[in-house]
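Take a look at the structure set out below.
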Amino acid sequence: MDFIIAFKVIIMGIVEGLTEFLPISSTGHLILAGSLLNFTGEKVKVFEIVIQAGAILAVCWEYRLKISSVLVNLFSEINHVKTQARRFVLNLLIAFFPAAILGVLFNKSIKAVLFAPLPVALAFIIGGLIILWVERRHKTQPVTVRIETVETMTILDAFKVGCVQAFALIPGTSRSGATIIGGMLFGLSRKAATEFSFFLAIPTLLAATVYSLYKDWNLLSVTDLPLFGLGTLAAFISAFFCVRWLLRYISSHDFTVFAWYRIAFGLIVILSAANNWVVWAD
């Protein structure tokens, strides 16, 4: 295994894990990190999607009791327990489908046009401004919190969150940012919106990984397995610590700091490209 390539793979895995569940866009950061590391190309695009499996596993481990409880309760003989578990699974499926359908239809066009540093930088800035607007609105015109826990979400709540998740098909938008901020606008508590975003990541990222492997299998070989495994492991470890940190953070903080980070980062990318400080690879 080439040491330089392995180093780049580990960095990309850490970037994926640290950014997947924060409202700052993992895809955007991976595109920018890949440009800086000169780690680009069609195979790398597959790599960036596949290592999301590490982030999925981190959420599954953190919520292993909840997930196992839902799976067991699906077949419970107690009606209200079985109904609650089935509604939870149904909500995830309903929220998953909008992005899944649009992703299949427009995946090729999005990759061809938007998977580049400058479009990502613009998405960073616009997303940051939206977060600032939502957080300010919450302070000046508080939204009535209807949903305190993910278990009490309705099918309509799930569908709305699924629709805003579809905006994350634009790289730089942030899947977690769209679902958390969107959920808060729709009346979910900050904790419920964040946790539902975590759970929704499981079918969403898993489907993206499987679809990418199926579609681009011809680009890969057996020799790629160690590097893909290394990147996935790095993503798992960094995502595990990030998820735990974020759950503590939201108990007493809002997302304003992430908004300013997005805006600053986006401006730096645009300025560095305009002044040739950094040659961003497409």
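Ordered as shown in the structure tokens, chains take letters A, B, and onward, while each chain numbers its residues from 1 and ligands are numbered from 1 in the order shown.
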query: Leaving out A:Glu135 and any residue of its chain fewer than 3 positions from it, which residues lie within 9 Å of it when counting only C-alpha atoms, given as number ranges by chain?
result: A: 130-132, 138-140, 181, 254-256
query: Got a sec: who's within 12 Å of A:Val72, counting only C-alpha atoms, leaving out chain neighbours fewer than 5 positions off, as a VMD selection string?
result: chain A and resid 65 to 67 77 to 78 81 to 82 84 to 86
Residue set, stretch 4-248 of chain A restricted to helix (DSSP H, G or I), as a PyMOL selection string: chain A and resi 4-19+26-36+42-50+52-62+64-73+79-114+117-140+150-152+155-169+175-185+190-215+217-219+222-248
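Taking atom CA of A:Ala166 and atom CA of A:Ala123 as endpoints, the distance between them is 14.1 Å.
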- prompt: Which residues come within 10 Å of A:Val243, counting only C-alpha atoms, excluding same-chain residues fewer than 3 positions away, as an MDAnalysis selection string?
  reply: chainID A and resid 17:22 55 58:59 62 194:195 198 238:240 246:249
task: Fewer than 4 positions away in the same chain doesn't count, so skip those; otherwise give me all residues within 12 Å of A:Ala192, counting only C-alpha atoms, as JSON, numbers by chain.
output: {"A": [145, 146, 147, 148, 149, 150, 151, 152, 153, 157, 158, 161, 179, 180, 181, 182, 183, 184, 186, 187, 188, 196, 197, 198, 199, 200, 247, 250, 251]}
With N, CA, C and O atoms retained, export the selected residues as a compact mmCIF listing (two decimals), in the first residue's frame.
# COMPACT_ATOMS: atom_id res chain seq x y z
N VAL A 145 -42.92 24.26 19.35
CA VAL A 145 -42.38 22.90 19.23
C VAL A 145 -43.51 21.91 19.44
O VAL A 145 -44.08 21.81 20.52
N ARG A 146 -43.85 21.19 18.37
CA ARG A 146 -44.92 20.19 18.43
C ARG A 146 -44.37 18.79 18.72
O ARG A 146 -45.05 17.95 19.30
N ILE A 147 -43.14 18.56 18.28
CA ILE A 147 -42.56 17.23 18.36
C ILE A 147 -41.31 17.27 19.24
O ILE A 147 -40.32 17.89 18.88
N GLU A 148 -41.38 16.62 20.38
CA GLU A 148 -40.24 16.60 21.30
C GLU A 148 -39.34 15.39 21.07
O GLU A 148 -38.14 15.44 21.35
N THR A 149 -39.90 14.29 20.56
CA THR A 149 -39.13 13.07 20.32
C THR A 149 -39.46 12.51 18.94
O THR A 149 -40.53 12.77 18.39
N VAL A 150 -38.54 11.74 18.39
CA VAL A 150 -38.76 11.16 17.05
C VAL A 150 -39.93 10.19 17.04
O VAL A 150 -40.57 9.97 16.00
N GLU A 151 -40.24 9.61 18.20
CA GLU A 151 -41.35 8.64 18.26
C GLU A 151 -42.71 9.28 18.02
O GLU A 151 -43.66 8.59 17.63
N THR A 152 -42.83 10.58 18.24
CA THR A 152 -44.13 11.24 18.10
C THR A 152 -44.29 11.95 16.75
O THR A 152 -45.28 12.65 16.54
N MET A 153 -43.35 11.77 15.86
CA MET A 153 -43.46 12.37 14.53
C MET A 153 -44.57 11.70 13.73
O MET A 153 -44.81 10.50 13.83
N ASP A 157 -44.89 14.90 8.98
CA ASP A 157 -43.63 15.46 9.48
C ASP A 157 -42.45 14.82 8.76
O ASP A 157 -41.51 15.50 8.32
N ALA A 158 -42.49 13.50 8.66
CA ALA A 158 -41.40 12.76 8.01
C ALA A 158 -41.28 13.14 6.54
O ALA A 158 -40.17 13.30 6.02
N VAL A 161 -39.58 16.56 6.17
CA VAL A 161 -38.13 16.48 6.39
C VAL A 161 -37.46 15.80 5.20
O VAL A 161 -36.37 16.20 4.77
N THR A 179 -31.88 18.67 6.97
CA THR A 179 -32.89 17.93 7.74
C THR A 179 -33.08 18.50 9.14
O THR A 179 -34.21 18.57 9.64
N ILE A 180 -31.98 18.93 9.78
CA ILE A 180 -32.12 19.48 11.13
C ILE A 180 -32.80 20.84 11.11
O ILE A 180 -33.77 21.07 11.84
N ILE A 181 -32.31 21.74 10.28
CA ILE A 181 -32.90 23.08 10.21
C ILE A 181 -34.32 23.01 9.67
O ILE A 181 -35.23 23.69 10.17
N GLY A 182 -34.53 22.18 8.64
CA GLY A 182 -35.88 22.00 8.12
C GLY A 182 -36.82 21.43 9.18
O GLY A 182 -37.96 21.90 9.34
N GLY A 183 -36.35 20.44 9.91
CA GLY A 183 -37.17 19.85 10.97
C GLY A 183 -37.55 20.86 12.02
O GLY A 183 -38.70 20.89 12.50
N MET A 184 -36.61 21.73 12.39
CA MET A 184 -36.91 22.76 13.38
C MET A 184 -37.96 23.73 12.86
O MET A 184 -38.85 24.17 13.60
N PHE A 186 -40.31 22.99 10.91
CA PHE A 186 -41.58 22.28 10.86
C PHE A 186 -42.13 21.92 12.24
O PHE A 186 -43.15 21.25 12.35
N GLY A 187 -41.45 22.39 13.31
CA GLY A 187 -41.99 22.19 14.65
C GLY A 187 -41.34 21.10 15.47
O GLY A 187 -41.81 20.76 16.55
N LEU A 188 -40.23 20.51 14.97
CA LEU A 188 -39.50 19.53 15.76
C LEU A 188 -38.56 20.25 16.72
O LEU A 188 -38.04 21.32 16.39
N PHE A 196 -33.51 12.54 14.37
CA PHE A 196 -34.14 12.01 13.16
C PHE A 196 -33.20 12.12 11.98
O PHE A 196 -33.16 11.24 11.11
N SER A 197 -32.40 13.18 11.95
CA SER A 197 -31.39 13.33 10.90
C SER A 197 -30.38 12.19 10.97
O SER A 197 -29.98 11.64 9.93
N PHE A 198 -29.98 11.81 12.18
CA PHE A 198 -29.07 10.68 12.36
C PHE A 198 -29.69 9.39 11.82
O PHE A 198 -29.06 8.66 11.05
N PHE A 199 -30.92 9.12 12.24
CA PHE A 199 -31.58 7.88 11.82
C PHE A 199 -31.82 7.86 10.31
O PHE A 199 -31.66 6.83 9.66
N LEU A 200 -32.21 9.00 9.76
CA LEU A 200 -32.48 9.08 8.33
C LEU A 200 -31.21 8.87 7.52
O LEU A 200 -31.26 8.43 6.36
N LEU A 247 -24.43 15.68 20.12
CA LEU A 247 -25.57 15.49 21.01
C LEU A 247 -25.40 16.29 22.30
O LEU A 247 -26.38 16.83 22.84
N ILE A 250 -25.77 20.35 21.26
CA ILE A 250 -27.09 20.92 20.98
C ILE A 250 -27.94 21.09 22.23
O ILE A 250 -28.96 21.79 22.20
N SER A 251 -27.53 20.48 23.33
CA SER A 251 -28.30 20.63 24.57
C SER A 251 -28.23 22.05 25.11
O SER A 251 -29.10 22.46 25.89
Show me a table, sorted first by chain and then by increasing residue number, of the residues of stretch 184-231 of chain A having an atom at most 9 Å from stretch 98-115 of chain A, each with its shortest atom pair and the distance in Å to one decimal, counting only C-alpha atoms and written as a Markdown table.
| residue | atom | partner | partner_atom | distance |
| --- | --- | --- | --- | --- |
| A:Thr204 | CA | A:Ala100 | CA | 7.3 |
| A:Ala207 | CA | A:Ala100 | CA | 7.9 |
| A:Ala208 | CA | A:Ala100 | CA | 8.2 |
| A:Tyr211 | CA | A:Val104 | CA | 8.9 |
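Close contacts of A:Leu32, defined as residues with an atom at most 10 Å away when counting only C-alpha atoms, with chain neighbours fewer than 3 positions off set aside, comprise Ser26, Thr27, Gly28, His29, Ser35, Leu36, Leu37, Asn38, Phe39, Thr40, Phe115, Ala116, Pro117, Leu118, Val120, Ala121, Gly172, Val269, Trp280, Ala281 and Asp282 of chain A.
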Export of the given selection (N, CA, C and O atoms) as a compact mmCIF listing (two decimals), in the first residue's frame:
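Writing the result to out_27.txt gives the following:
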# COMPACT_ATOMS: atom_id res chain seq x y z
N SER A 26 -20.64 17.27 4.30
CA SER A 26 -19.52 16.33 4.15
C SER A 26 -19.07 16.27 2.69
O SER A 26 -17.87 16.26 2.39
N THR A 27 -20.04 16.24 1.77
CA THR A 27 -19.69 16.17 0.34
C THR A 27 -18.86 17.37 -0.08
O THR A 27 -17.85 17.24 -0.78
N GLY A 28 -19.28 18.55 0.36
CA GLY A 28 -18.53 19.76 0.03
C GLY A 28 -17.12 19.72 0.56
O GLY A 28 -16.16 20.05 -0.14
N HIS A 29 -16.96 19.28 1.81
CA HIS A 29 -15.62 19.20 2.40
C HIS A 29 -14.76 18.15 1.70
O HIS A 29 -13.55 18.34 1.53
N SER A 35 -9.47 18.19 -3.67
CA SER A 35 -8.78 19.15 -4.53
C SER A 35 -7.43 19.53 -3.95
O SER A 35 -6.42 19.58 -4.64
N LEU A 36 -7.41 19.83 -2.64
CA LEU A 36 -6.16 20.22 -1.99
C LEU A 36 -5.14 19.08 -1.98
O LEU A 36 -3.94 19.30 -2.11
N LEU A 37 -5.63 17.84 -1.83
CA LEU A 37 -4.74 16.69 -1.76
C LEU A 37 -4.40 16.12 -3.14
O LEU A 37 -3.64 15.17 -3.24
N ASN A 38 -4.98 16.75 -4.18
CA ASN A 38 -4.83 16.21 -5.54
C ASN A 38 -5.30 14.76 -5.58
O ASN A 38 -4.67 13.88 -6.17
N PHE A 39 -6.43 14.53 -4.93
CA PHE A 39 -7.02 13.19 -4.82
C PHE A 39 -8.39 13.27 -5.49
O PHE A 39 -9.42 13.40 -4.83
N THR A 40 -8.40 13.23 -6.81
CA THR A 40 -9.63 13.42 -7.56
C THR A 40 -9.78 12.35 -8.63
O THR A 40 -8.90 11.52 -8.82
N PHE A 115 -20.24 19.19 -8.86
CA PHE A 115 -19.17 18.61 -8.06
C PHE A 115 -17.85 19.30 -8.37
O PHE A 115 -16.93 18.71 -8.93
N ALA A 116 -17.76 20.57 -8.01
CA ALA A 116 -16.56 21.37 -8.23
C ALA A 116 -16.46 22.40 -7.10
O ALA A 116 -17.47 22.76 -6.49
N PRO A 117 -15.25 22.87 -6.79
CA PRO A 117 -15.06 23.75 -5.63
C PRO A 117 -15.90 25.02 -5.61
O PRO A 117 -16.46 25.38 -4.58
N LEU A 118 -16.01 25.74 -6.73
CA LEU A 118 -16.73 27.01 -6.71
C LEU A 118 -18.24 26.86 -6.47
O LEU A 118 -18.81 27.59 -5.65
N VAL A 120 -19.60 24.48 -4.86
CA VAL A 120 -19.67 24.06 -3.46
C VAL A 120 -19.52 25.27 -2.53
O VAL A 120 -20.24 25.40 -1.54
N ALA A 121 -18.57 26.17 -2.86
CA ALA A 121 -18.36 27.36 -2.04
C ALA A 121 -19.62 28.23 -1.97
O ALA A 121 -19.98 28.73 -0.90
N GLY A 172 -22.43 20.71 -0.98
CA GLY A 172 -22.16 21.93 -0.23
C GLY A 172 -23.36 22.37 0.59
O GLY A 172 -23.23 23.21 1.48
N VAL A 269 -12.62 29.98 -0.09
CA VAL A 269 -12.47 29.20 -1.32
C VAL A 269 -12.59 30.09 -2.55
O VAL A 269 -11.78 30.02 -3.49
N TRP A 280 -7.65 25.01 -7.37
CA TRP A 280 -8.66 24.01 -7.02
C TRP A 280 -8.91 23.12 -8.23
O TRP A 280 -9.28 23.58 -9.28
N ALA A 281 -8.71 21.82 -8.04
CA ALA A 281 -8.97 20.87 -9.14
C ALA A 281 -10.44 20.54 -9.18
O ALA A 281 -11.10 20.39 -8.15
N ASP A 282 -11.01 20.41 -10.40
CA ASP A 282 -12.42 20.03 -10.54
C ASP A 282 -12.55 18.52 -10.50
O ASP A 282 -11.63 17.82 -10.82
field: Closest of A:Gly229, A:Pro23, A:Gly54, A:Gly177 to A:Leu206 - atom-to-atom distances counting only C-alpha atoms
entry: A:Gly54
field: Shell of 6 Å around A:Gly128, only C-alpha atoms, local chain residues under 5 positions omitted, as a ChimeraX atom specification
entry: /A:259,262-263
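Atom CA of A:Ala178 is found 17.1 Å from atom CA of A:Glu16.
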query: Hey, what's within 10 Å of A:Tyr261 if we count only C-alpha atoms and toss same-chain stuff fewer than 4 positions away? As an MDAnalysis selection string, please?
result: chainID A and resid 24 124:125 128 256:257 265:267
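For the residues A:Phe167, A:Gly162, A:Ser189, A:Pro119, ranking by smallest atom-to-atom distance to A:Pro142 using only C-alpha atoms places A:Ser189 first.
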Pull the closest atom pair for each residue of stretch 188-231 of chain A that gets at most 9 Å from stretch 3-7 of chain A, along with the distance in Å to one decimal, counting only C-alpha atoms, ordering rows by chain and then ascending residue number, as JSON lines.
{"residue": "A:Leu227", "atom": "CA", "partner": "A:Ala6", "partner_atom": "CA", "distance": 6.6}
{"residue": "A:Leu230", "atom": "CA", "partner": "A:Ala6", "partner_atom": "CA", "distance": 7.7}
{"residue": "A:Gly231", "atom": "CA", "partner": "A:Ala6", "partner_atom": "CA", "distance": 8.5}
